[in-house]
>>> print(open('start-v6.cif').read())   # mmCIF, N, CA and C atoms
data_target
#
loop_
_atom_site.label_atom_id
_atom_site.label_comp_id
_atom_site.auth_asym_id
_atom_site.auth_seq_id
_atom_site.Cartn_x
_atom_site.Cartn_y
_atom_site.Cartn_z
N MET A 194 73.67 83.45 82.67
CA MET A 194 72.71 83.30 83.73
C MET A 194 71.61 84.32 83.50
N GLY A 195 70.41 83.98 83.85
CA GLY A 195 69.32 84.89 83.55
C GLY A 195 68.37 85.08 84.69
N SER A 196 67.25 85.74 84.33
CA SER A 196 66.19 86.02 85.30
C SER A 196 64.94 85.25 84.91
N LEU A 197 64.13 84.92 85.88
CA LEU A 197 62.90 84.22 85.65
C LEU A 197 61.81 84.90 86.46
N ILE A 198 60.73 85.33 85.78
CA ILE A 198 59.62 85.96 86.49
C ILE A 198 58.61 84.87 86.81
N THR A 199 58.34 84.71 88.10
CA THR A 199 57.38 83.71 88.54
C THR A 199 56.09 84.39 88.92
N GLY A 200 55.16 83.65 89.45
CA GLY A 200 53.89 84.21 89.86
C GLY A 200 54.04 85.36 90.83
N LYS A 201 53.08 86.27 90.81
CA LYS A 201 53.06 87.44 91.69
C LYS A 201 54.25 88.38 91.43
N ASP A 202 54.75 88.40 90.19
CA ASP A 202 55.82 89.30 89.78
C ASP A 202 57.10 89.18 90.62
N VAL A 203 57.42 87.98 91.05
CA VAL A 203 58.65 87.74 91.79
C VAL A 203 59.73 87.37 90.77
N ILE A 204 60.84 88.06 90.82
CA ILE A 204 61.94 87.79 89.89
C ILE A 204 62.95 86.89 90.57
N GLU A 205 63.26 85.78 89.92
CA GLU A 205 64.29 84.88 90.42
C GLU A 205 65.46 84.94 89.44
N ARG A 206 66.66 85.03 90.00
CA ARG A 206 67.86 85.07 89.19
C ARG A 206 68.77 83.92 89.59
N VAL A 207 69.64 83.52 88.70
CA VAL A 207 70.54 82.40 88.96
C VAL A 207 71.84 82.95 89.54
N CYS A 208 72.20 82.45 90.71
CA CYS A 208 73.41 82.88 91.41
C CYS A 208 74.65 82.38 90.67
N ILE A 209 75.64 83.25 90.55
CA ILE A 209 76.88 82.90 89.86
C ILE A 209 77.72 81.88 90.65
N VAL A 210 77.50 81.78 91.96
CA VAL A 210 78.29 80.86 92.79
C VAL A 210 77.61 79.50 92.92
N CYS A 211 76.39 79.46 93.43
CA CYS A 211 75.72 78.18 93.67
C CYS A 211 74.90 77.71 92.48
N GLU A 212 74.70 78.60 91.49
CA GLU A 212 73.97 78.29 90.26
C GLU A 212 72.54 77.84 90.51
N GLN A 213 71.93 78.37 91.58
CA GLN A 213 70.54 78.08 91.90
C GLN A 213 69.71 79.35 91.72
N SER A 214 68.43 79.18 91.42
CA SER A 214 67.53 80.33 91.29
C SER A 214 67.18 80.86 92.67
N LYS A 215 67.39 82.15 92.87
CA LYS A 215 67.10 82.79 94.15
C LYS A 215 66.42 84.13 93.90
N GLN A 216 65.74 84.63 94.90
CA GLN A 216 65.03 85.90 94.78
C GLN A 216 65.84 87.07 95.34
N GLU A 217 66.60 86.83 96.39
CA GLU A 217 67.30 87.92 97.07
C GLU A 217 68.80 87.80 96.90
N GLY A 218 69.42 88.95 96.62
CA GLY A 218 70.86 88.98 96.45
C GLY A 218 71.29 90.31 95.90
N ILE A 219 72.52 90.34 95.40
CA ILE A 219 73.04 91.58 94.84
C ILE A 219 73.44 91.37 93.39
N GLN A 220 73.31 92.42 92.62
CA GLN A 220 73.69 92.43 91.22
C GLN A 220 75.08 93.04 91.11
N ILE A 221 76.00 92.34 90.48
CA ILE A 221 77.36 92.84 90.26
C ILE A 221 77.59 92.81 88.76
N TYR A 222 77.65 93.99 88.16
CA TYR A 222 77.68 94.13 86.71
C TYR A 222 76.46 93.40 86.15
N ASP A 223 76.67 92.38 85.34
CA ASP A 223 75.54 91.67 84.77
C ASP A 223 75.31 90.31 85.45
N GLN A 224 75.95 90.08 86.60
CA GLN A 224 75.84 88.82 87.31
C GLN A 224 75.11 89.01 88.63
N PHE A 225 74.59 87.90 89.17
CA PHE A 225 73.81 87.91 90.40
C PHE A 225 74.50 87.04 91.44
N LEU A 226 74.57 87.52 92.68
CA LEU A 226 75.11 86.78 93.81
C LEU A 226 74.03 86.72 94.88
N CYS A 227 73.58 85.51 95.23
CA CYS A 227 72.50 85.38 96.21
C CYS A 227 73.00 85.71 97.61
N LEU A 228 72.06 86.06 98.49
CA LEU A 228 72.42 86.44 99.87
C LEU A 228 73.09 85.30 100.63
N ASP A 229 72.64 84.06 100.38
CA ASP A 229 73.24 82.92 101.08
C ASP A 229 74.72 82.79 100.74
N CYS A 230 75.05 82.90 99.45
CA CYS A 230 76.45 82.79 99.04
C CYS A 230 77.25 84.00 99.52
N GLU A 231 76.66 85.18 99.47
CA GLU A 231 77.36 86.37 99.96
C GLU A 231 77.75 86.19 101.42
N ARG A 232 76.82 85.73 102.24
CA ARG A 232 77.10 85.51 103.67
C ARG A 232 78.20 84.46 103.86
N GLU A 233 78.10 83.37 103.09
CA GLU A 233 79.07 82.29 103.21
C GLU A 233 80.48 82.77 102.81
N ILE A 234 80.56 83.56 101.74
CA ILE A 234 81.85 84.07 101.29
C ILE A 234 82.46 84.98 102.35
N VAL A 235 81.67 85.86 102.91
CA VAL A 235 82.16 86.82 103.91
C VAL A 235 82.67 86.09 105.16
N GLN A 236 82.03 84.99 105.53
CA GLN A 236 82.39 84.27 106.75
C GLN A 236 83.48 83.22 106.54
N THR A 237 83.83 82.94 105.30
CA THR A 237 84.82 81.89 105.02
C THR A 237 86.23 82.43 105.17
N ASP A 238 87.04 81.70 105.91
CA ASP A 238 88.44 82.08 106.10
C ASP A 238 89.22 81.79 104.82
N THR A 239 90.22 82.59 104.54
CA THR A 239 90.99 82.42 103.30
C THR A 239 91.78 81.12 103.26
N THR A 240 91.95 80.46 104.40
CA THR A 240 92.65 79.18 104.42
C THR A 240 91.71 78.00 104.19
N ASP A 241 90.40 78.25 104.21
CA ASP A 241 89.40 77.21 103.98
C ASP A 241 89.41 76.80 102.51
N PRO A 242 89.37 75.51 102.22
CA PRO A 242 89.35 75.06 100.82
C PRO A 242 88.17 75.62 100.00
N LYS A 243 87.06 75.93 100.67
CA LYS A 243 85.91 76.50 99.96
C LYS A 243 86.22 77.88 99.39
N TYR A 244 87.18 78.58 100.01
CA TYR A 244 87.52 79.93 99.59
C TYR A 244 87.99 79.95 98.13
N ARG A 245 88.80 78.98 97.75
CA ARG A 245 89.28 78.89 96.36
C ARG A 245 88.12 78.72 95.39
N PHE A 246 87.15 77.91 95.78
CA PHE A 246 85.97 77.72 94.93
C PHE A 246 85.23 79.03 94.74
N TYR A 247 85.04 79.78 95.81
CA TYR A 247 84.34 81.06 95.73
C TYR A 247 85.08 82.04 94.82
N VAL A 248 86.40 82.09 94.96
CA VAL A 248 87.20 82.98 94.12
C VAL A 248 87.04 82.59 92.65
N LYS A 249 87.09 81.30 92.38
CA LYS A 249 86.94 80.80 91.00
C LYS A 249 85.58 81.22 90.42
N GLN A 250 84.53 81.04 91.21
CA GLN A 250 83.19 81.40 90.74
C GLN A 250 83.06 82.91 90.54
N LEU A 251 83.62 83.70 91.45
CA LEU A 251 83.51 85.15 91.35
C LEU A 251 84.33 85.71 90.19
N ARG A 252 85.32 84.99 89.75
CA ARG A 252 86.10 85.44 88.58
C ARG A 252 85.24 85.48 87.32
N LYS A 253 84.15 84.76 87.33
CA LYS A 253 83.22 84.80 86.19
C LYS A 253 82.66 86.20 85.99
N ILE A 254 82.58 86.96 87.06
CA ILE A 254 82.04 88.32 86.98
C ILE A 254 82.93 89.18 86.10
N ILE A 255 84.23 89.15 86.35
CA ILE A 255 85.13 90.02 85.59
C ILE A 255 85.44 89.46 84.21
N SER A 256 85.28 88.15 84.03
CA SER A 256 85.58 87.59 82.72
C SER A 256 84.35 87.49 81.82
N SER A 257 83.17 87.83 82.36
CA SER A 257 81.95 87.69 81.57
C SER A 257 81.84 88.74 80.48
N LYS A 258 82.44 89.92 80.70
CA LYS A 258 82.41 90.99 79.71
C LYS A 258 83.73 91.72 79.71
N ILE A 259 84.12 92.15 78.56
CA ILE A 259 85.30 92.99 78.46
C ILE A 259 84.82 94.40 78.18
N TYR A 260 85.09 95.30 79.11
CA TYR A 260 84.67 96.68 78.97
C TYR A 260 85.80 97.49 78.35
N SER A 261 85.45 98.30 77.39
CA SER A 261 86.50 99.12 76.76
C SER A 261 86.27 100.59 77.01
#
>>> encode(input="start-v6.cif", output="structure tokens")
Amino acid sequence: MGSLITGKDVIERVCIVCEQSKQEGIQIYDQFLCLDCEREIVQTDTTDPKYRFYVKQLRKIISSKIYS
């Protein structure tokens, strides 16, 4: 996933969860999580079927690089 500089020096990055280009969010290691997904993850109950999807997507963060 990467970054895209658009007009007026606005940086858009691709969210690791929704895979859409967004401007606002948090950087976790070398991955980006948009604010919309962050809010949704925090508010989702662990019994909700969407929770498994979020966990699967977030696992990409730890599997994207092996640190030694």
>>> closest_residue(input="start-v6.cif", among="A:Asp229, A:Val210, A:Ile204, A:Gln220", to="A:Phe246", atoms="only N, CA and C atoms")
A:Val210
>>> closest_residue(input="start-v6.cif", among="A:Glu231, A:Ile221, A:Gln213, A:Gln236", to="A:Ile254", atoms="only N, CA and C atoms")
A:Ile221
>>> atom_distance(input="start-v6.cif", atom1="atom CA of A:Leu228", atom2="atom CA of A:Glu212")
12.7 Å
>>> residues_around(input="start-v6.cif", residues="A:Lys243", least_positions_apart="6", cutoff="8 Å", atoms="only N, CA and C atoms", output="ChimeraX atom specification")
/A:234,237,249
>>> atom_distance(input="start-v6.cif", atom1="atom CA of A:Leu251", atom2="atom CA of A:Gln224")
9.4 Å
>>> residues_around(input="start-v6.cif", residues="A:Ile209", least_positions_apart="6", cutoff="6 Å", atoms="all atoms listed in the file", output="MDAnalysis selection string")
chainID A and resid 225:227 250
>>> atom_distance(input="start-v6.cif", atom1="atom CA of A:Pro242", atom2="atom N of A:Ile255")
20.8 Å
>>> select_by_dssp(input="start-v6.cif", residues="stretch 207-257 of chain A", states="helix (DSSP H, G or I)", output="JSON, numbers by chain")
{"A": [228, 229, 230, 231, 232, 233, 234, 235, 236, 242, 243, 244, 245, 246, 247, 248, 249, 250, 251, 252, 253, 254, 255, 256]}
>>> build_atoms(input="start-v6.cif", residues="stretch 212-223 of chain A", atoms="all heavy atoms", output="PDB file, keeping the file's coordinate frame")
ATOM      1  N   GLU A 212      74.700  78.600  91.490  1.00  0.00           N
ATOM      2  CA  GLU A 212      73.970  78.290  90.260  1.00  0.00           C
ATOM      3  C   GLU A 212      72.540  77.840  90.510  1.00  0.00           C
ATOM      4  O   GLU A 212      71.989  77.040  89.763  1.00  0.00           O
ATOM      5  CB  GLU A 212      74.747  77.297  89.412  1.00  0.00           C
ATOM      6  CG  GLU A 212      76.109  77.831  89.002  1.00  0.00           C
ATOM      7  CD  GLU A 212      76.945  76.871  88.192  1.00  0.00           C
ATOM      8  OE1 GLU A 212      76.630  75.658  88.182  1.00  0.00           O
ATOM      9  OE2 GLU A 212      77.917  77.327  87.575  1.00  0.00           O
ATOM     10  N   GLN A 213      71.930  78.370  91.580  1.00  0.00           N
ATOM     11  CA  GLN A 213      70.540  78.080  91.900  1.00  0.00           C
ATOM     12  C   GLN A 213      69.710  79.350  91.720  1.00  0.00           C
ATOM     13  O   GLN A 213      70.231  80.454  91.850  1.00  0.00           O
ATOM     14  CB  GLN A 213      70.409  77.584  93.339  1.00  0.00           C
ATOM     15  CG  GLN A 213      71.099  76.269  93.580  1.00  0.00           C
ATOM     16  CD  GLN A 213      70.926  75.803  95.016  1.00  0.00           C
ATOM     17  OE1 GLN A 213      70.082  76.306  95.758  1.00  0.00           O
ATOM     18  NE2 GLN A 213      71.727  74.843  95.422  1.00  0.00           N
ATOM     19  N   SER A 214      68.430  79.180  91.420  1.00  0.00           N
ATOM     20  CA  SER A 214      67.530  80.330  91.290  1.00  0.00           C
ATOM     21  C   SER A 214      67.180  80.860  92.670  1.00  0.00           C
ATOM     22  O   SER A 214      66.772  80.092  93.545  1.00  0.00           O
ATOM     23  CB  SER A 214      66.241  79.921  90.583  1.00  0.00           C
ATOM     24  OG  SER A 214      66.508  79.604  89.249  1.00  0.00           O
ATOM     25  N   LYS A 215      67.390  82.150  92.870  1.00  0.00           N
ATOM     26  CA  LYS A 215      67.100  82.790  94.150  1.00  0.00           C
ATOM     27  C   LYS A 215      66.420  84.130  93.900  1.00  0.00           C
ATOM     28  O   LYS A 215      66.530  84.697  92.819  1.00  0.00           O
ATOM     29  CB  LYS A 215      68.397  83.050  94.939  1.00  0.00           C
ATOM     30  CG  LYS A 215      69.242  81.820  95.227  1.00  0.00           C
ATOM     31  CD  LYS A 215      68.681  81.017  96.362  1.00  0.00           C
ATOM     32  CE  LYS A 215      69.525  79.788  96.653  1.00  0.00           C
ATOM     33  NZ  LYS A 215      70.199  79.805  97.904  1.00  0.00           N
ATOM     34  N   GLN A 216      65.740  84.630  94.900  1.00  0.00           N
ATOM     35  CA  GLN A 216      65.030  85.900  94.780  1.00  0.00           C
ATOM     36  C   GLN A 216      65.840  87.070  95.340  1.00  0.00           C
ATOM     37  O   GLN A 216      65.746  88.180  94.839  1.00  0.00           O
ATOM     38  CB  GLN A 216      63.689  85.835  95.509  1.00  0.00           C
ATOM     39  CG  GLN A 216      62.725  84.876  94.888  1.00  0.00           C
ATOM     40  CD  GLN A 216      61.438  84.778  95.679  1.00  0.00           C
ATOM     41  OE1 GLN A 216      61.204  85.552  96.593  1.00  0.00           O
ATOM     42  NE2 GLN A 216      60.618  83.814  95.347  1.00  0.00           N
ATOM     43  N   GLU A 217      66.600  86.830  96.390  1.00  0.00           N
ATOM     44  CA  GLU A 217      67.300  87.920  97.070  1.00  0.00           C
ATOM     45  C   GLU A 217      68.800  87.800  96.900  1.00  0.00           C
ATOM     46  O   GLU A 217      69.368  86.722  97.015  1.00  0.00           O
ATOM     47  CB  GLU A 217      66.954  87.909  98.558  1.00  0.00           C
ATOM     48  CG  GLU A 217      65.494  88.171  98.824  1.00  0.00           C
ATOM     49  CD  GLU A 217      65.185  88.165 100.296  1.00  0.00           C
ATOM     50  OE1 GLU A 217      66.004  87.677 101.090  1.00  0.00           O
ATOM     51  OE2 GLU A 217      64.114  88.657 100.665  1.00  0.00           O
ATOM     52  N   GLY A 218      69.420  88.950  96.620  1.00  0.00           N
ATOM     53  CA  GLY A 218      70.860  88.980  96.450  1.00  0.00           C
ATOM     54  C   GLY A 218      71.290  90.310  95.900  1.00  0.00           C
ATOM     55  O   GLY A 218      70.543  91.278  95.926  1.00  0.00           O
ATOM     56  N   ILE A 219      72.520  90.340  95.400  1.00  0.00           N
ATOM     57  CA  ILE A 219      73.040  91.580  94.840  1.00  0.00           C
ATOM     58  C   ILE A 219      73.440  91.370  93.390  1.00  0.00           C
ATOM     59  O   ILE A 219      73.849  90.286  92.990  1.00  0.00           O
ATOM     60  CB  ILE A 219      74.246  92.107  95.660  1.00  0.00           C
ATOM     61  CG1 ILE A 219      75.383  91.082  95.707  1.00  0.00           C
ATOM     62  CG2 ILE A 219      73.830  92.509  97.048  1.00  0.00           C
ATOM     63  CD1 ILE A 219      76.651  91.605  96.335  1.00  0.00           C
ATOM     64  N   GLN A 220      73.310  92.420  92.620  1.00  0.00           N
ATOM     65  CA  GLN A 220      73.690  92.430  91.220  1.00  0.00           C
ATOM     66  C   GLN A 220      75.080  93.040  91.110  1.00  0.00           C
ATOM     67  O   GLN A 220      75.308  94.144  91.608  1.00  0.00           O
ATOM     68  CB  GLN A 220      72.678  93.258  90.419  1.00  0.00           C
ATOM     69  CG  GLN A 220      72.749  93.074  88.942  1.00  0.00           C
ATOM     70  CD  GLN A 220      72.174  91.748  88.485  1.00  0.00           C
ATOM     71  OE1 GLN A 220      71.262  91.206  89.101  1.00  0.00           O
ATOM     72  NE2 GLN A 220      72.704  91.233  87.408  1.00  0.00           N
ATOM     73  N   ILE A 221      76.000  92.340  90.480  1.00  0.00           N
ATOM     74  CA  ILE A 221      77.360  92.840  90.260  1.00  0.00           C
ATOM     75  C   ILE A 221      77.590  92.810  88.760  1.00  0.00           C
ATOM     76  O   ILE A 221      77.693  91.733  88.171  1.00  0.00           O
ATOM     77  CB  ILE A 221      78.415  92.000  90.992  1.00  0.00           C
ATOM     78  CG1 ILE A 221      78.091  91.886  92.477  1.00  0.00           C
ATOM     79  CG2 ILE A 221      79.809  92.579  90.770  1.00  0.00           C
ATOM     80  CD1 ILE A 221      78.960  90.916  93.242  1.00  0.00           C
ATOM     81  N   TYR A 222      77.650  93.990  88.160  1.00  0.00           N
ATOM     82  CA  TYR A 222      77.680  94.130  86.710  1.00  0.00           C
ATOM     83  C   TYR A 222      76.460  93.400  86.150  1.00  0.00           C
ATOM     84  O   TYR A 222      75.340  93.711  86.524  1.00  0.00           O
ATOM     85  CB  TYR A 222      78.985  93.648  86.079  1.00  0.00           C
ATOM     86  CG  TYR A 222      80.169  94.507  86.445  1.00  0.00           C
ATOM     87  CD1 TYR A 222      81.180  94.009  87.258  1.00  0.00           C
ATOM     88  CD2 TYR A 222      80.262  95.810  85.992  1.00  0.00           C
ATOM     89  CE1 TYR A 222      82.257  94.793  87.593  1.00  0.00           C
ATOM     90  CE2 TYR A 222      81.345  96.612  86.330  1.00  0.00           C
ATOM     91  CZ  TYR A 222      82.341  96.093  87.129  1.00  0.00           C
ATOM     92  OH  TYR A 222      83.405  96.873  87.474  1.00  0.00           O
ATOM     93  N   ASP A 223      76.670  92.380  85.340  1.00  0.00           N
ATOM     94  CA  ASP A 223      75.540  91.670  84.770  1.00  0.00           C
ATOM     95  C   ASP A 223      75.310  90.310  85.450  1.00  0.00           C
ATOM     96  O   ASP A 223      74.579  89.474  84.963  1.00  0.00           O
ATOM     97  CB  ASP A 223      75.725  91.477  83.264  1.00  0.00           C
ATOM     98  CG  ASP A 223      76.920  90.615  82.923  1.00  0.00           C
ATOM     99  OD1 ASP A 223      77.834  90.513  83.754  1.00  0.00           O
ATOM    100  OD2 ASP A 223      76.946  90.048  81.819  1.00  0.00           O
TER     101      ASP A 223
END
